[in-house]
Structures are given as structure tokens and as C-alpha cells.
Amino acid sequence: MPEFKKSNALMANVTATSYVIKGLKHYTRYFIQITVCQDPTAPETHCSTRRAWQYVRTKPIVDADRVDNSTINVEILNGTSNIRITWMNPVDPNGLIVAYKVKVINTAKQSTPVDQCIPVSSEWNPAVNGAVFEGLNDGDYRLV
């Protein structure tokens with residue numbers, strides 16, 4: 001079946017009642033439109049003016065939104081009880097990242113987790129700014 005791209009559109013002449021489109025990006029919204037034509041070689045003006053259409057979203061990739069553990073860096077700030085945690089963005093996430101939730105837990109029993117929800121903005125970069133936790137009690141901490 002011949003296919004050709006028109007700007008960001010894929011057009012195909014199909015004689016069956018189904019068609020598989022390959023190579024779509026994960027968790028992306030697409031506009032699908034179907035037009036009925038009597039003669040696939042005729043110009044588009046010889047096709048039905050009533051088009052069927054639908055918006056669809058491809059499935060997400062389960063681990064695409066995870067931060068790679070090897071990119072996480074923990075820095076103690078000036079020998080204080082303050083730490084900065086930095087990391088790299090996921091390489092190919094499922095859509096736009098709007099925030100990161102960072103949680104640290106003191107490994108001592110009965111310890112309350114400390115967490116932050118950091119909204120993403122154009123001025124903030126997880127690899128530079130990261131998350132700063134201030135006034136942590138002495139102890140070993142686990143990043144969740």
C-alpha cells in the first residue's frame with residue numbers, strides 16, 4: 001500500500017477495513033481521519049465530504065517516567081544538616097513532566113519521611129537546582 005507524508009500527516013490508500021500505523025511515539029495524542037473514496041486514484045475532491053475522525057492516544061511506556069538511579073547525586077551543603085539532591089530528567093518520558101516528588105527517609109525506626117513536590121519551570125533544572133532538604137536530623141537516609 002503506498003504511503004506518503006503530508007507535513008506531519010500520513011496518508012495511505014487502503015482497500016481493507018483496517019490499517020496498522022507503525023512507528024508512532026508512545027503516550028502521544030493523534031488525530032485519525034478516514035475518508036471514503038470510490039476511486040483511490042481520483043483527486044481528493046472526488047471523495048466523500050463526510051469524514052470519520054477520532055482522537056486517540058498511544059499507550060505509555062511503563063518505566064519511561066523514572067529517573068535513572070545512576071544520575072542521582074546527593075551533596076551535603078557546607079558540612080551542615082542540609083543536603084541537595086540532583087538528577088537528570090528521564091530521557092523520553094510519557095509526555096510533559098510538570099513536577100518531581102522527592103522523598104527522603106531516615107533509616108532509623110519510627111522516622112517520618114520528609115518529602116517535597118517540586119514544580120518544573122523554565123528557570124529550574126533538576127541536574128543543577130535539584131531538591132534541597134534543610135535541617136535533617138543526624139542519621140542515614142534513604143531516597144525514595
# chains A, B, ... in the order shown; residues from 1 in each chain; ligands from 1

call {"tool": "residues_around", "arguments": {"residues": "segment 33-37 of chain A", "least_positions_apart": "2", "cutoff": "9 Å", "atoms": "only C-alpha atoms", "output": "list in words"}}
result
Phe31, Asp39, Pro40, Ala42, Glu44, His46, Cys47, Ser48, Thr49, Arg50, Arg51, Ala52, Trp53, Gln54 and Tyr55 of chain A

call {"tool": "write_last_selection", "arguments": {"atoms": "N, CA and C atoms", "output": "tab-separated table (two decimals), in the first residue's frame"}}
result
chain	number	residue	atom	x	y	z
A	31	PHE	N	-4.57	12.45	15.76
A	31	PHE	CA	-5.85	12.68	15.12
A	31	PHE	C	-5.94	11.74	13.93
A	39	ASP	N	-12.69	5.78	-6.00
A	39	ASP	CA	-11.54	5.52	-6.85
A	39	ASP	C	-10.29	6.08	-6.16
A	40	PRO	N	-9.38	5.22	-5.69
A	40	PRO	CA	-8.21	5.72	-4.95
A	40	PRO	C	-7.27	6.58	-5.79
A	42	ALA	N	-8.42	8.91	-7.89
A	42	ALA	CA	-9.10	10.18	-8.16
A	42	ALA	C	-8.60	11.25	-7.19
A	44	GLU	N	-8.68	14.23	-4.37
A	44	GLU	CA	-9.39	14.23	-3.10
A	44	GLU	C	-10.79	14.81	-3.21
A	46	HIS	N	-12.94	14.07	-5.25
A	46	HIS	CA	-13.86	13.02	-5.67
A	46	HIS	C	-14.17	12.03	-4.55
A	47	CYS	N	-13.85	12.41	-3.34
A	47	CYS	CA	-14.12	11.56	-2.18
A	47	CYS	C	-15.27	12.16	-1.38
A	48	SER	N	-15.77	11.39	-0.45
A	48	SER	CA	-16.86	11.84	0.40
A	48	SER	C	-16.45	13.09	1.17
A	49	THR	N	-17.38	14.00	1.33
A	49	THR	CA	-17.10	15.21	2.12
A	49	THR	C	-17.30	14.96	3.61
A	50	ARG	N	-17.94	13.85	3.93
A	50	ARG	CA	-18.16	13.50	5.35
A	50	ARG	C	-17.05	12.55	5.78
A	51	ARG	N	-16.20	13.04	6.63
A	51	ARG	CA	-15.06	12.25	7.10
A	51	ARG	C	-15.32	11.73	8.50
A	52	ALA	N	-14.87	10.51	8.72
A	52	ALA	CA	-14.91	9.97	10.08
A	52	ALA	C	-13.59	10.35	10.75
A	53	TRP	N	-13.64	10.72	12.02
A	53	TRP	CA	-12.40	11.10	12.70
A	53	TRP	C	-12.48	10.74	14.18
A	54	GLN	N	-11.31	10.66	14.77
A	54	GLN	CA	-11.23	10.34	16.20
A	54	GLN	C	-9.84	10.72	16.71
A	55	TYR	N	-9.79	11.20	17.95
A	55	TYR	CA	-8.51	11.41	18.62
A	55	TYR	C	-8.19	10.14	19.40

call {"tool": "atom_distance", "arguments": {"atom1": "atom CA of Leu96 of chain A", "atom2": "atom CA of Val20 of chain A"}}
result
26.4 Å

call {"tool": "closest_residue", "arguments": {"among": "A:Asn106, A:Asn73, A:Ser111, A:Thr15", "to": "Gly130 of chain A", "atoms": "only C-alpha atoms"}}
result
A:Asn73

call {"tool": "residues_around", "arguments": {"residues": "Val56 of chain A", "least_positions_apart": "3", "cutoff": "12 Å", "atoms": "only C-alpha atoms", "output": "list in words"}}
result
Leu24, His26, Tyr27, Thr28, Arg29, Tyr30, Phe31, Ile32, Gln33, Trp53 and Lys59 of chain A

call {"tool": "closest_residue", "arguments": {"among": "A:Lys25, A:Arg142, A:Arg57, A:Lys101", "to": "Val120 of chain A", "atoms": "only C-alpha atoms"}}
result
A:Lys101

call {"tool": "closest_residue", "arguments": {"among": "A:Met88, A:Ala9, A:Ile97, A:Val104", "to": "Ile72 of chain A", "atoms": "only C-alpha atoms"}}
result
A:Met88

call {"tool": "residues_around", "arguments": {"residues": "Val102 of chain A", "least_positions_apart": "5", "cutoff": "9 Å", "atoms": "only C-alpha atoms", "output": "list in words"}}
result
Ile85, Val114, Asp115, Gln116, Cys117, Ile118, Ala131, Leu143 and Val144 of chain A

call {"tool": "select_by_dssp", "arguments": {"residues": "chain A", "states": "strand (DSSP E)", "output": "VMD selection string"}}
result
chain A and resid 3 to 6 9 to 12 29 to 34 52 to 57 73 to 76 83 to 86 99 to 106 114 to 119 131 to 133 141 to 143

call {"tool": "atom_distance", "arguments": {"atom1": "atom CA of Val74 of chain A", "atom2": "atom CA of Ile61 of chain A"}}
result
27.8 Å

call {"tool": "closest_residue", "arguments": {"among": "A:Met11, A:Trp124, A:Ser18, A:Phe133", "to": "Glu75 of chain A", "atoms": "only C-alpha atoms"}}
result
A:Phe133

call {"tool": "atom_distance", "arguments": {"atom1": "atom CA of Asn82 of chain A", "atom2": "atom CA of Ala108 of chain A"}}
result
18.0 Å

call {"tool": "residues_around", "arguments": {"residues": "Arg66 of chain A", "least_positions_apart": "4", "cutoff": "9 Å", "atoms": "only C-alpha atoms", "output": "list in words"}}
result
Val62, Asn89, Pro90 and Pro93 of chain A

call {"tool": "closest_residue", "arguments": {"among": "A:Thr107, A:Thr58, A:Ala99, A:Val14", "to": "Pro119 of chain A", "atoms": "only C-alpha atoms"}}
result
A:Ala99

call {"tool": "closest_residue", "arguments": {"among": "A:Val91, A:Leu10, A:Asn137, A:Lys109", "to": "Gly23 of chain A", "atoms": "only C-alpha atoms"}}
result
A:Leu10
